[in-house]
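*Asks:* Below is the file final.cif, with mmCIF, C-alpha atoms.
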```cif
data_work
#
loop_
_atom_site.label_atom_id
_atom_site.label_comp_id
_atom_site.auth_asym_id
_atom_site.auth_seq_id
_atom_site.Cartn_x
_atom_site.Cartn_y
_atom_site.Cartn_z
CA MET R 237 -19.03 -64.72 12.72
CA ASN R 238 -18.04 -61.03 12.89
CA GLU R 239 -14.43 -60.30 11.94
CA MET R 240 -14.00 -57.95 14.89
CA ALA R 241 -15.34 -60.61 17.24
CA MET R 242 -12.87 -63.13 15.89
CA ALA R 243 -9.96 -60.74 16.40
CA ALA R 244 -11.06 -59.26 19.72
CA GLY R 245 -8.92 -60.25 22.64
CA ALA R 246 -6.66 -62.42 20.49
CA ARG R 247 -2.91 -62.01 20.10
CA THR R 248 -1.62 -60.72 16.81
CA ARG R 249 -1.39 -63.68 14.46
CA ILE R 250 1.44 -63.99 11.94
CA PHE R 251 1.73 -66.34 8.97
CA SER R 252 4.60 -66.73 6.53
CA GLY R 253 6.26 -69.49 4.56
CA VAL R 254 9.12 -70.67 2.41
CA LYS R 255 8.79 -72.41 -0.95
CA PRO R 256 10.94 -75.54 -1.48
CA THR R 257 11.96 -74.78 -5.06
CA GLY R 258 15.66 -74.56 -4.24
CA HIS R 259 18.14 -74.45 -1.39
CA LEU R 260 17.44 -71.57 0.99
CA THR R 261 19.67 -68.57 0.54
CA LEU R 262 21.26 -65.74 2.48
CA GLY R 263 18.42 -63.62 1.11
CA ASN R 264 15.83 -65.94 2.66
CA TYR R 265 17.67 -65.84 5.96
CA LEU R 266 18.31 -62.10 6.21
CA GLY R 267 15.07 -61.06 4.58
CA ALA R 268 12.80 -63.31 6.61
CA MET R 269 13.94 -66.32 8.61
CA ARG R 270 16.19 -64.57 11.11
CA ARG R 271 13.49 -62.08 12.00
CA TRP R 272 10.95 -64.88 12.37
CA ALA R 273 13.17 -66.56 14.95
CA GLU R 274 14.44 -63.49 16.80
CA GLU R 275 11.29 -61.38 16.85
CA ASP R 276 8.09 -62.62 15.27
CA GLN R 277 7.63 -65.93 17.07
CA HIS R 278 7.96 -64.16 20.43
CA ARG R 279 5.66 -61.19 19.86
CA ALA R 280 2.68 -62.95 18.28
CA GLN R 281 0.88 -66.21 17.69
CA ALA R 282 3.01 -67.24 14.74
CA LEU R 283 2.73 -69.94 12.08
CA PHE R 284 5.59 -70.74 9.70
CA CYS R 285 4.99 -73.07 6.81
CA VAL R 286 6.88 -74.93 4.10
CA VAL R 287 4.57 -74.11 1.19
CA ASP R 288 5.28 -77.23 -0.83
CA LEU R 289 2.11 -77.01 -2.93
CA HIS R 290 3.48 -73.83 -4.49
CA ALA R 291 6.49 -75.82 -5.73
CA LEU R 292 4.19 -77.74 -8.07
CA THR R 293 3.39 -74.69 -10.22
CA VAL R 294 6.51 -75.32 -12.33
CA GLU R 295 8.30 -78.38 -13.72
CA HIS R 296 9.75 -80.29 -10.78
CA ASP R 297 11.29 -83.57 -9.69
CA PRO R 298 9.07 -85.15 -7.00
CA ALA R 299 12.02 -86.58 -5.06
CA ARG R 300 13.73 -83.18 -5.06
CA VAL R 301 10.59 -81.44 -3.78
CA ARG R 302 10.38 -83.92 -0.90
CA ARG R 303 14.08 -83.50 -0.13
CA LEU R 304 13.97 -79.71 -0.23
CA SER R 305 10.77 -79.61 1.83
CA ARG R 306 12.45 -81.58 4.61
CA GLN R 307 15.58 -79.44 4.34
CA ALA R 308 13.53 -76.24 4.54
CA ALA R 309 11.62 -77.46 7.59
CA THR R 310 14.85 -78.50 9.28
CA LEU R 311 16.40 -75.11 8.53
CA LEU R 312 13.41 -73.29 9.98
CA LEU R 313 14.07 -75.11 13.23
CA ALA R 314 17.83 -74.60 12.93
CA THR R 315 17.40 -70.83 12.68
CA GLY R 316 15.77 -70.84 16.09
CA LEU R 317 12.06 -71.36 15.57
CA ASP R 318 10.82 -73.09 18.71
CA PRO R 319 7.91 -75.52 18.15
CA GLU R 320 6.86 -74.90 21.75
CA VAL R 321 6.48 -71.19 20.97
CA CYS R 322 5.28 -71.14 17.34
CA THR R 323 3.73 -73.52 14.82
CA VAL R 324 5.98 -75.06 12.15
CA PHE R 325 4.32 -77.26 9.56
CA VAL R 326 4.07 -78.32 5.92
CA GLN R 327 1.29 -76.83 3.81
CA SER R 328 0.17 -80.01 2.01
CA GLN R 329 -0.44 -81.75 5.35
CA VAL R 330 -3.28 -79.31 6.19
CA ASP R 331 -6.23 -79.84 3.83
CA GLU R 332 -7.81 -76.48 4.70
CA HIS R 333 -5.34 -74.70 2.41
CA LEU R 334 -6.71 -76.45 -0.68
CA ARG R 335 -10.32 -76.23 0.49
CA LEU R 336 -10.12 -72.48 0.91
CA SER R 337 -8.04 -72.00 -2.22
CA TYR R 338 -11.02 -72.92 -4.39
CA LEU R 339 -13.20 -70.35 -2.66
CA MET R 340 -10.52 -67.74 -3.30
CA GLU R 341 -10.48 -68.71 -6.99
CA CYS R 342 -14.23 -68.15 -6.98
CA THR R 343 -13.71 -64.74 -5.39
CA ALA R 344 -10.84 -63.50 -7.58
CA SER R 345 -11.10 -62.36 -11.20
CA ASP R 346 -9.14 -63.59 -14.20
CA GLY R 347 -7.75 -60.07 -14.70
CA GLU R 348 -6.40 -59.92 -11.15
CA MET R 349 -4.54 -63.19 -11.60
CA ARG R 350 -3.03 -62.13 -14.92
CA ARG R 351 -1.76 -58.85 -13.48
CA MET R 352 0.47 -60.61 -10.97
CA ILE R 353 4.07 -59.68 -11.82
CA GLN R 354 5.56 -63.13 -11.26
CA TYR R 355 2.98 -64.74 -13.56
CA LYS R 356 3.53 -62.13 -16.27
CA GLU R 357 7.31 -62.53 -16.15
CA LYS R 358 7.35 -66.33 -16.17
CA ALA R 359 4.61 -66.60 -18.77
CA ALA R 360 6.51 -64.22 -21.06
CA VAL R 361 9.69 -66.31 -20.75
CA GLU R 362 7.85 -69.53 -21.58
CA GLN R 363 5.99 -67.91 -24.46
CA ALA R 364 9.30 -66.74 -25.93
CA ARG R 365 10.47 -70.37 -25.83
CA GLY R 366 7.34 -71.48 -27.63
CA GLY R 367 5.84 -73.09 -24.54
CA SER R 368 3.28 -72.25 -21.88
CA VAL R 369 3.03 -72.24 -18.11
CA ARG R 370 0.86 -74.41 -15.90
CA LEU R 371 -2.59 -73.16 -14.94
CA SER R 372 -1.54 -73.43 -11.29
CA LEU R 373 1.02 -70.66 -11.85
CA LEU R 374 -1.84 -68.36 -12.81
CA THR R 375 -4.04 -69.35 -9.88
CA TYR R 376 -1.43 -69.80 -7.16
CA PRO R 377 -2.05 -66.31 -5.68
CA ALA R 378 -5.48 -67.66 -4.72
CA LEU R 379 -3.76 -70.48 -2.86
CA MET R 380 -1.42 -67.98 -1.23
CA ALA R 381 -4.44 -65.95 -0.13
CA ALA R 382 -5.96 -69.11 1.34
CA ASP R 383 -2.70 -69.83 3.20
CA ILE R 384 -2.96 -66.46 4.89
CA LEU R 385 -6.71 -66.07 5.42
CA ALA R 386 -7.32 -69.55 6.82
CA TYR R 387 -5.62 -68.57 10.07
CA GLY R 388 -7.13 -65.16 10.70
CA THR R 389 -3.70 -63.72 10.00
CA HIS R 390 -3.06 -60.09 10.94
CA GLU R 391 0.51 -59.73 9.66
CA VAL R 392 2.43 -61.37 6.82
CA PRO R 393 6.22 -60.85 7.00
CA VAL R 394 7.37 -60.85 3.37
CA GLY R 395 10.04 -59.60 1.03
CA ASP R 396 9.07 -56.62 -1.09
CA ASP R 397 8.57 -58.86 -4.13
CA GLN R 398 5.60 -60.50 -2.40
CA VAL R 399 3.76 -57.33 -1.35
CA GLN R 400 1.58 -57.49 -4.47
CA HIS R 401 0.29 -60.90 -3.43
CA VAL R 402 -0.54 -59.70 0.07
CA GLU R 403 -2.42 -56.74 -1.42
CA LEU R 404 -4.43 -59.18 -3.54
CA THR R 405 -5.15 -61.21 -0.41
CA ARG R 406 -6.46 -58.08 1.28
CA ASP R 407 -8.70 -57.35 -1.70
CA LEU R 408 -10.08 -60.88 -1.72
CA ALA R 409 -10.76 -60.82 2.02
CA VAL R 410 -12.65 -57.53 1.75
CA ARG R 411 -14.62 -58.72 -1.29
CA PHE R 412 -15.54 -62.04 0.35
CA ASN R 413 -16.64 -60.26 3.53
CA GLN R 414 -18.78 -57.82 1.55
CA ARG R 415 -20.44 -60.54 -0.51
CA TYR R 416 -21.00 -63.22 2.10
CA GLY R 417 -20.64 -61.63 5.53
CA ALA R 418 -17.66 -60.88 7.75
CA THR R 419 -15.54 -64.03 7.71
CA PHE R 420 -11.88 -63.09 7.28
CA VAL R 421 -9.42 -60.83 9.04
CA VAL R 422 -7.88 -58.42 6.51
CA PRO R 423 -4.08 -58.87 6.84
CA LYS R 424 -1.21 -56.49 6.16
CA ALA R 425 2.32 -57.05 4.86
CA THR R 426 5.29 -56.28 7.10
CA TYR R 427 8.93 -56.28 6.05
CA PRO R 428 12.29 -55.02 7.35
CA ALA R 429 13.72 -51.71 6.13
CA VAL R 430 17.25 -53.03 5.49
CA ALA R 431 18.13 -56.16 3.49
CA ALA R 432 14.47 -56.90 2.81
CA ARG R 433 15.68 -57.96 -0.62
CA VAL R 434 19.24 -59.26 -0.80
CA MET R 435 20.54 -59.08 -4.34
CA ASP R 436 22.55 -61.56 -6.42
CA LEU R 437 26.28 -60.96 -5.89
CA GLN R 438 26.96 -61.31 -9.62
CA GLU R 439 23.82 -59.54 -10.83
CA PRO R 440 23.14 -56.90 -8.15
CA THR R 441 20.02 -55.62 -9.88
CA SER R 442 18.38 -59.06 -9.48
CA LYS R 443 17.09 -60.68 -6.32
CA MET R 444 19.17 -63.50 -4.80
CA GLY R 445 16.74 -66.25 -5.81
CA LYS R 446 17.01 -69.86 -4.69
CA SER R 447 15.80 -71.26 -8.02
CA HIS R 448 18.17 -69.36 -10.32
CA ALA R 449 20.12 -71.48 -12.79
CA ARG R 450 23.33 -69.47 -12.27
CA THR R 451 24.54 -69.88 -8.69
CA ALA R 452 27.87 -68.00 -8.58
CA GLY R 453 26.19 -64.96 -7.02
CA ILE R 454 23.97 -66.87 -4.60
CA VAL R 455 25.07 -67.63 -1.04
CA TYR R 456 23.17 -70.59 0.36
CA VAL R 457 22.57 -70.97 4.08
CA LEU R 458 24.26 -74.37 4.01
CA ASP R 459 27.28 -73.32 1.94
CA GLU R 460 30.64 -74.22 3.47
CA PRO R 461 32.58 -71.21 4.86
CA GLU R 462 35.17 -71.26 2.09
CA VAL R 463 32.44 -71.30 -0.54
CA VAL R 464 30.81 -68.28 1.10
CA ARG R 465 34.11 -66.40 1.18
CA LYS R 466 34.82 -67.15 -2.48
CA LYS R 467 31.39 -65.98 -3.62
CA VAL R 468 31.56 -62.75 -1.62
CA MET R 469 35.12 -61.94 -2.71
CA ARG R 470 34.04 -62.33 -6.34
CA ALA R 471 30.99 -60.09 -5.93
CA VAL R 472 30.43 -57.42 -8.57
CA THR R 473 31.10 -53.98 -7.08
CA ASP R 474 30.54 -51.63 -10.02
CA SER R 475 33.15 -49.16 -11.30
CA GLY R 476 35.64 -47.49 -8.96
CA ARG R 477 37.58 -48.72 -5.94
CA ASP R 478 36.05 -46.38 -3.37
CA VAL R 479 33.15 -47.38 -1.16
CA THR R 480 29.96 -45.31 -1.34
CA TYR R 481 26.37 -46.14 -0.54
CA GLU R 482 24.50 -45.27 -3.74
CA PRO R 483 21.90 -47.99 -4.43
CA GLU R 484 20.88 -46.63 -7.83
CA ARG R 485 24.33 -45.84 -9.21
CA ARG R 486 26.36 -48.56 -7.47
CA PRO R 487 23.98 -51.43 -6.64
CA GLY R 488 26.77 -53.98 -6.10
CA VAL R 489 28.51 -52.01 -3.37
CA ALA R 490 25.16 -51.01 -1.86
CA ASN R 491 24.12 -54.66 -1.65
CA LEU R 492 27.30 -55.61 0.24
CA LEU R 493 26.86 -52.68 2.62
CA GLU R 494 23.26 -53.66 3.30
CA VAL R 495 24.24 -57.28 3.98
CA LEU R 496 26.97 -56.13 6.37
CA ALA R 497 24.60 -53.69 8.05
CA THR R 498 22.04 -56.43 8.60
CA CYS R 499 24.62 -58.88 9.94
CA ALA R 500 26.29 -56.37 12.24
CA GLY R 501 23.33 -54.16 13.11
CA GLY R 502 24.76 -51.01 11.52
CA ASP R 503 23.73 -48.41 8.97
CA PRO R 504 24.83 -48.84 5.32
CA GLN R 505 25.58 -45.15 4.83
CA ARG R 506 27.71 -44.97 7.97
CA LEU R 507 29.51 -48.22 7.18
CA ALA R 508 30.50 -46.92 3.75
CA GLY R 509 32.61 -44.24 5.41
CA GLU R 510 34.63 -46.86 7.29
CA TYR R 511 36.14 -48.44 4.16
CA ASP R 512 38.68 -47.14 1.69
CA SER R 513 38.46 -50.10 -0.69
CA CYS R 514 35.95 -52.64 -1.92
CA GLY R 515 38.40 -55.44 -1.15
CA ALA R 516 38.37 -54.62 2.55
CA LEU R 517 34.58 -54.37 2.51
CA LYS R 518 34.27 -57.77 0.86
CA LYS R 519 36.52 -59.42 3.44
CA ASP R 520 34.43 -58.07 6.31
CA VAL R 521 31.17 -59.03 4.61
CA ALA R 522 32.44 -62.56 3.97
CA GLU R 523 33.49 -63.06 7.60
CA ALA R 524 30.28 -61.54 8.94
CA VAL R 525 28.18 -63.89 6.81
CA VAL R 526 30.28 -66.95 7.68
CA GLU R 527 30.01 -66.27 11.42
CA MET R 528 26.31 -65.49 11.25
CA LEU R 529 25.53 -68.75 9.43
CA ARG R 530 27.89 -70.94 11.46
CA PRO R 531 25.46 -71.79 14.31
CA VAL R 532 22.61 -72.34 11.85
CA ARG R 533 24.66 -74.83 9.84
CA ALA R 534 25.75 -76.62 13.02
CA ARG R 535 22.19 -76.88 14.34
CA HIS R 536 20.94 -78.06 10.93
CA ALA R 537 23.49 -80.90 11.00
CA GLU R 538 22.24 -81.96 14.44
CA LEU R 539 18.59 -81.89 13.38
CA ALA R 540 19.25 -83.64 10.07
CA ALA R 541 20.65 -86.53 12.11
CA GLU R 542 17.31 -86.75 13.98
CA PRO R 543 14.67 -87.06 11.22
CA SER R 544 12.16 -88.64 13.60
CA TYR R 545 12.27 -85.50 15.77
CA VAL R 546 11.67 -83.24 12.77
CA ASP R 547 8.80 -85.48 11.62
CA ALA R 548 7.21 -85.28 15.06
CA VAL R 549 7.49 -81.48 15.10
CA LEU R 550 5.84 -81.24 11.67
CA ARG R 551 3.10 -83.68 12.63
CA ARG R 552 2.23 -81.69 15.78
CA GLY R 553 2.48 -78.46 13.82
CA ALA R 554 0.04 -79.70 11.19
CA GLU R 555 -2.42 -80.80 13.87
CA ARG R 556 -2.25 -77.39 15.54
CA ALA R 557 -2.56 -75.55 12.22
CA ARG R 558 -5.53 -77.69 11.24
CA SER R 559 -7.34 -76.93 14.48
CA LEU R 560 -6.82 -73.20 13.93
CA ALA R 561 -7.85 -73.17 10.26
CA ARG R 562 -10.80 -75.56 10.16
CA PRO R 563 -13.42 -73.43 11.98
CA ARG R 564 -12.78 -70.41 9.73
CA VAL R 565 -12.71 -72.47 6.53
CA ASP R 566 -15.90 -74.28 7.54
CA ALA R 567 -17.49 -70.88 8.18
CA ALA R 568 -16.41 -69.71 4.72
CA PHE R 569 -17.95 -72.81 3.10
CA GLU R 570 -21.21 -72.16 4.91
CA ALA R 571 -21.11 -68.46 4.01
CA VAL R 572 -20.96 -69.15 0.25
CA GLY R 573 -23.91 -71.53 0.42
CA LEU R 574 -22.33 -74.98 0.65
CA LEU R 575 -23.98 -77.65 2.77
CA PRO R 576 -22.10 -78.59 5.94
CA ALA R 577 -20.33 -81.95 6.03
CA GLY R 578 -22.23 -84.67 7.82
#
```
Let me see the file written as structure tokens.
*Replies:*
Amino acid sequence: MNEMAMAAGARTRIFSGVKPTGHLTLGNYLGAMRRWAEEDQHRAQALFCVVDLHALTVEHDPARVRRLSRQAATLLLATGLDPEVCTVFVQSQVDEHLRLSYLMECTASDGEMRRMIQYKEKAAVEQARGGSVRLSLLTYPALMAADILAYGTHEVPVGDDQVQHVELTRDLAVRFNQRYGATFVVPKATYPAVAARVMDLQEPTSKMGKSHARTAGIVYVLDEPEVVRKKVMRAVTDSGRDVTYEPERRPGVANLLEVLATCAGGDPQRLAGEYDSCGALKKDVAEAVVEMLRPVRARHAELAAEPSYVDAVLRRGAERARSLARPRVDAAFEAVGLLPAG
């Protein structure tokens, strides 16, 4: 099937996901989830996935993965994703992801996998400890490519730390199409200009990651208001009491200004001129974050009390995702020379 024919006349298709390796953070919300709910689900045929298979690339507690997967799915709905408008599902419940992942492994090279920044960083840490990483950590970009390509995805909303993986996905799609015939749409990464990467409040040169061991600088979506206020008020703001927007020289202050700008819809540079002290800035950031997360936390509590509803949403989402992915994955199997299933 010709790629252009597959895309012709169709709405733009979006795919993105969250990994249940920790509680979702302010960075996840501002960098991705809020935009999914407010914009992406309404302007395209959108699929949003809890990518639980990716959580197995590192040491994990099975019960915790299940718990965090359900929490992540519930939070996706709590942020405003409407299952009547978009598709919300869990990756492991759609077999096409794993089927296509193997074909992507057969398309990618060992060198490409080893150049992935996240693999290099984590492998170096484990090697320094005298250990090694799981093979799945090396190959998971092939699974990520399968996640995207199975749906004929046009756009992948991501944080800037994931752009490398989307570029690899593009390369694999082009290579597969050249070798075996036009099968996949070649996707592109999209990401917001401001707060695409919210930084740790205690280590403002590091991303606010949900799986970090040190949590003092991480605001979680489900943190109580007083916890949020305490974390923001203790944020590192570099030297000096004045407020200036200088991301390179003063990353702590810049991070707070970017968070406030994203919450309030302003410009970090302009906001800097409205404050004469970091203390005043922190107070406003804390309140802006608390108020922004308040309805999400309330809706999450309602949905968490209705697990059967969430289960039904995920079941319907998986069925819809499967129906979208199967024809393209079957076509890919045929293209590489595999016999069709009876």
*Asks:* Name the closest residue to Leu492 in chain R among the candidates R:Gly263, R:Pro531, R:Pro319, R:Pro377; distances are taken between atoms, counting only C-alpha atoms.
*Replies:* R:Gly263
*Asks:* Using only C-alpha atoms for the distances, tell me which of R:Leu334, R:Cys499, R:Ala577, R:Ala314 is nearest to Val526 in chain R.
*Replies:*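 Checking each of R:Leu334, R:Cys499, R:Ala577, R:Ala314 against Val526 in chain R, counting only C-alpha atoms, the winner is R:Cys499.
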*Asks:* CA of Phe284 in chain R and CA of Ala381 in chain R are how many Å apart?
*Replies:*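 Computing the Euclidean distance for CA of Phe284 in chain R and CA of Ala381 in chain R yields 14.8 Å.
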*Asks:* Which residue gives the smallest distance to Arg303 in chain R among R:Ala571, R:Ala524, R:Cys322, R:Ala540, with only C-alpha atoms counted?
*Replies:*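 With only C-alpha atoms as the atom set, the closest residue is R:Ala540.
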*Asks:* For the file shown, what are the residues hit by the PyMOL selection byres ((chain R and resi 454) around 12), laid out as JSON, numbers by chain?
*Replies:* {"R": [258, 259, 260, 261, 262, 263, 264, 434, 435, 436, 437, 438, 439, 440, 442, 443, 444, 445, 446, 447, 448, 449, 450, 451, 452, 453, 455, 456, 457, 458, 459, 463, 464, 465, 466, 467, 468, 470, 471]}
*Asks:* In Å to one decimal, how far is CA of Leu404 in chain R from CA of Tyr376 in chain R?
*Replies:* 11.6 Å
*Asks:* Enumerate, as a ChimeraX atom specification, the residues matched when the PyMOL selection byres ((chain R and resi 344-353) around 10) is run on the file above.
*Replies:* /R:338-343,354-359,373-378,397-398,400-401,404-405,407-409,411-412
*Asks:* Report the residues retrieved by the PyMOL selection byres ((chain R and resi 418-429) around 10) from the displayed file, expressed as a short mmCIF file (atom, residue, chain, number, x, y, z; two decimals) with C-alpha atoms, in the frame of the given file.
*Replies:*
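Okay, expr27.cif is ready:
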```
data_model
loop_
_atom_site.label_atom_id
_atom_site.label_comp_id
_atom_site.auth_asym_id
_atom_site.auth_seq_id
_atom_site.Cartn_x
_atom_site.Cartn_y
_atom_site.Cartn_z
CA MET R 237 -19.03 -64.72 12.72
CA ASN R 238 -18.04 -61.03 12.89
CA GLU R 239 -14.43 -60.30 11.94
CA MET R 240 -14.00 -57.95 14.89
CA ALA R 241 -15.34 -60.61 17.24
CA MET R 242 -12.87 -63.13 15.89
CA ALA R 243 -9.96 -60.74 16.40
CA ARG R 249 -1.39 -63.68 14.46
CA ILE R 250 1.44 -63.99 11.94
CA PHE R 251 1.73 -66.34 8.97
CA LEU R 266 18.31 -62.10 6.21
CA GLY R 267 15.07 -61.06 4.58
CA ALA R 268 12.80 -63.31 6.61
CA ARG R 271 13.49 -62.08 12.00
CA ALA R 381 -4.44 -65.95 -0.13
CA ILE R 384 -2.96 -66.46 4.89
CA LEU R 385 -6.71 -66.07 5.42
CA ALA R 386 -7.32 -69.55 6.82
CA TYR R 387 -5.62 -68.57 10.07
CA GLY R 388 -7.13 -65.16 10.70
CA THR R 389 -3.70 -63.72 10.00
CA HIS R 390 -3.06 -60.09 10.94
CA GLU R 391 0.51 -59.73 9.66
CA VAL R 392 2.43 -61.37 6.82
CA PRO R 393 6.22 -60.85 7.00
CA VAL R 394 7.37 -60.85 3.37
CA GLY R 395 10.04 -59.60 1.03
CA ASP R 396 9.07 -56.62 -1.09
CA GLN R 398 5.60 -60.50 -2.40
CA VAL R 399 3.76 -57.33 -1.35
CA GLN R 400 1.58 -57.49 -4.47
CA HIS R 401 0.29 -60.90 -3.43
CA VAL R 402 -0.54 -59.70 0.07
CA GLU R 403 -2.42 -56.74 -1.42
CA THR R 405 -5.15 -61.21 -0.41
CA ARG R 406 -6.46 -58.08 1.28
CA ASP R 407 -8.70 -57.35 -1.70
CA LEU R 408 -10.08 -60.88 -1.72
CA ALA R 409 -10.76 -60.82 2.02
CA VAL R 410 -12.65 -57.53 1.75
CA ARG R 411 -14.62 -58.72 -1.29
CA PHE R 412 -15.54 -62.04 0.35
CA ASN R 413 -16.64 -60.26 3.53
CA GLN R 414 -18.78 -57.82 1.55
CA ARG R 415 -20.44 -60.54 -0.51
CA TYR R 416 -21.00 -63.22 2.10
CA GLY R 417 -20.64 -61.63 5.53
CA VAL R 430 17.25 -53.03 5.49
CA ALA R 431 18.13 -56.16 3.49
CA ALA R 432 14.47 -56.90 2.81
CA ARG R 433 15.68 -57.96 -0.62
CA THR R 498 22.04 -56.43 8.60
CA ARG R 564 -12.78 -70.41 9.73
CA VAL R 565 -12.71 -72.47 6.53
CA ALA R 567 -17.49 -70.88 8.18
CA ALA R 568 -16.41 -69.71 4.72
CA ALA R 571 -21.11 -68.46 4.01
#
```
*Asks:* Which residue is closest to Pro461 in chain R? Choose from R:Leu507, R:Leu493, R:Leu529, R:Leu283 and count only C-alpha atoms.
*Replies:*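 Smallest separation from Pro461 in chain R among the options: R:Leu529.
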*Asks:* Compare R:Arg247, R:Arg302, R:Arg477, R:Arg365 by their minimum atom-to-atom distance to Lys518 in chain R, counting only C-alpha atoms, and give me the closest one.
*Replies:*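 Of R:Arg247, R:Arg302, R:Arg477, R:Arg365, the one nearest Lys518 in chain R, counting only C-alpha atoms, is R:Arg477.
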*Asks:* Tell me, in Å to one decimal, how far CA of Thr248 in chain R is from CA of Ala273 in chain R.
*Replies:*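 Interatomic distance here is 16.0 Å.
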*Asks:* Please determine, counting all atoms listed in the file, which residue among R:Asp547, R:Asp383, R:Glu332, R:Glu523 has the shortest atom-to-atom distance to Ser305 in chain R.
*Replies:*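 Closest residue, counting all atoms listed in the file: R:Asp547.
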*Asks:* Excluding Thr310 in chain R and its own-chain neighbours fewer than 6 positions away, which residues fall within 9 Å of it when counting all atoms listed in the file? Please give them as a JSON list (two decimals) with C-alpha atoms, keeping the file's coordinate frame.
*Replies:*
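As written to disk, out.json reads:
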```
[["chain", "number", "residue", "atom", "x", "y", "z"],
["R", 536, "HIS", "CA", 20.94, -78.06, 10.93],
["R", 539, "LEU", "CA", 18.59, -81.89, 13.38],
["R", 540, "ALA", "CA", 19.25, -83.64, 10.07],
["R", 543, "PRO", "CA", 14.67, -87.06, 11.22],
["R", 546, "VAL", "CA", 11.67, -83.24, 12.77]]
```
*Asks:* Filtering to C-alpha atoms, could range 312-359 of chain R of the supplied structure be written out as a short mmCIF file (atom, residue, chain, number, x, y, z; two decimals), in the first residue's frame?
*Replies:*
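Listed below is the output, part.cif:
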```
data_model
loop_
_atom_site.label_atom_id
_atom_site.label_comp_id
_atom_site.auth_asym_id
_atom_site.auth_seq_id
_atom_site.Cartn_x
_atom_site.Cartn_y
_atom_site.Cartn_z
CA LEU R 312 -4.63 11.00 31.48
CA LEU R 313 -8.39 11.04 31.80
CA ALA R 314 -8.27 13.46 34.74
CA THR R 315 -6.31 15.99 32.69
CA GLY R 316 -9.19 16.16 30.24
CA LEU R 317 -8.59 13.49 27.62
CA ASP R 318 -12.03 12.49 26.39
CA PRO R 319 -12.34 8.82 25.34
CA GLU R 320 -15.15 9.85 22.99
CA VAL R 321 -12.75 12.20 21.20
CA CYS R 322 -9.39 10.39 21.39
CA THR R 323 -8.08 6.89 22.07
CA VAL R 324 -6.62 6.15 25.52
CA PHE R 325 -5.14 2.69 26.05
CA VAL R 326 -2.36 0.58 27.55
CA GLN R 327 0.45 -0.54 25.26
CA SER R 328 0.72 -4.17 26.44
CA GLN R 329 -2.96 -4.76 25.66
CA VAL R 330 -2.33 -4.25 21.91
CA ASP R 331 -0.18 -7.07 20.52
CA GLU R 332 0.72 -5.15 17.36
CA HIS R 333 3.31 -3.13 19.30
CA LEU R 334 5.39 -6.23 20.02
CA ARG R 335 4.81 -7.74 16.58
CA LEU R 336 6.11 -4.63 14.84
CA SER R 337 8.90 -4.10 17.35
CA TYR R 338 10.71 -7.19 16.06
CA LEU R 339 10.54 -5.92 12.49
CA MET R 340 12.02 -2.63 13.67
CA GLU R 341 14.85 -4.52 15.37
CA CYS R 342 15.46 -6.23 12.04
CA THR R 343 15.54 -2.83 10.33
CA ALA R 344 17.75 -0.97 12.82
CA SER R 345 21.50 -1.42 13.27
CA ASP R 346 23.42 -2.20 16.44
CA GLY R 347 25.32 1.09 16.08
CA GLU R 348 22.10 3.11 15.95
CA MET R 349 20.84 1.55 19.15
CA ARG R 350 24.11 2.14 20.99
CA ARG R 351 24.19 5.81 20.00
CA MET R 352 20.95 6.54 21.83
CA ILE R 353 21.77 9.01 24.62
CA GLN R 354 19.57 7.42 27.28
CA TYR R 355 21.14 4.00 26.68
CA LYS R 356 24.67 5.41 26.80
CA GLU R 357 24.01 7.29 30.04
CA LYS R 358 22.30 4.43 31.87
CA ALA R 359 24.77 1.83 30.61
#
```
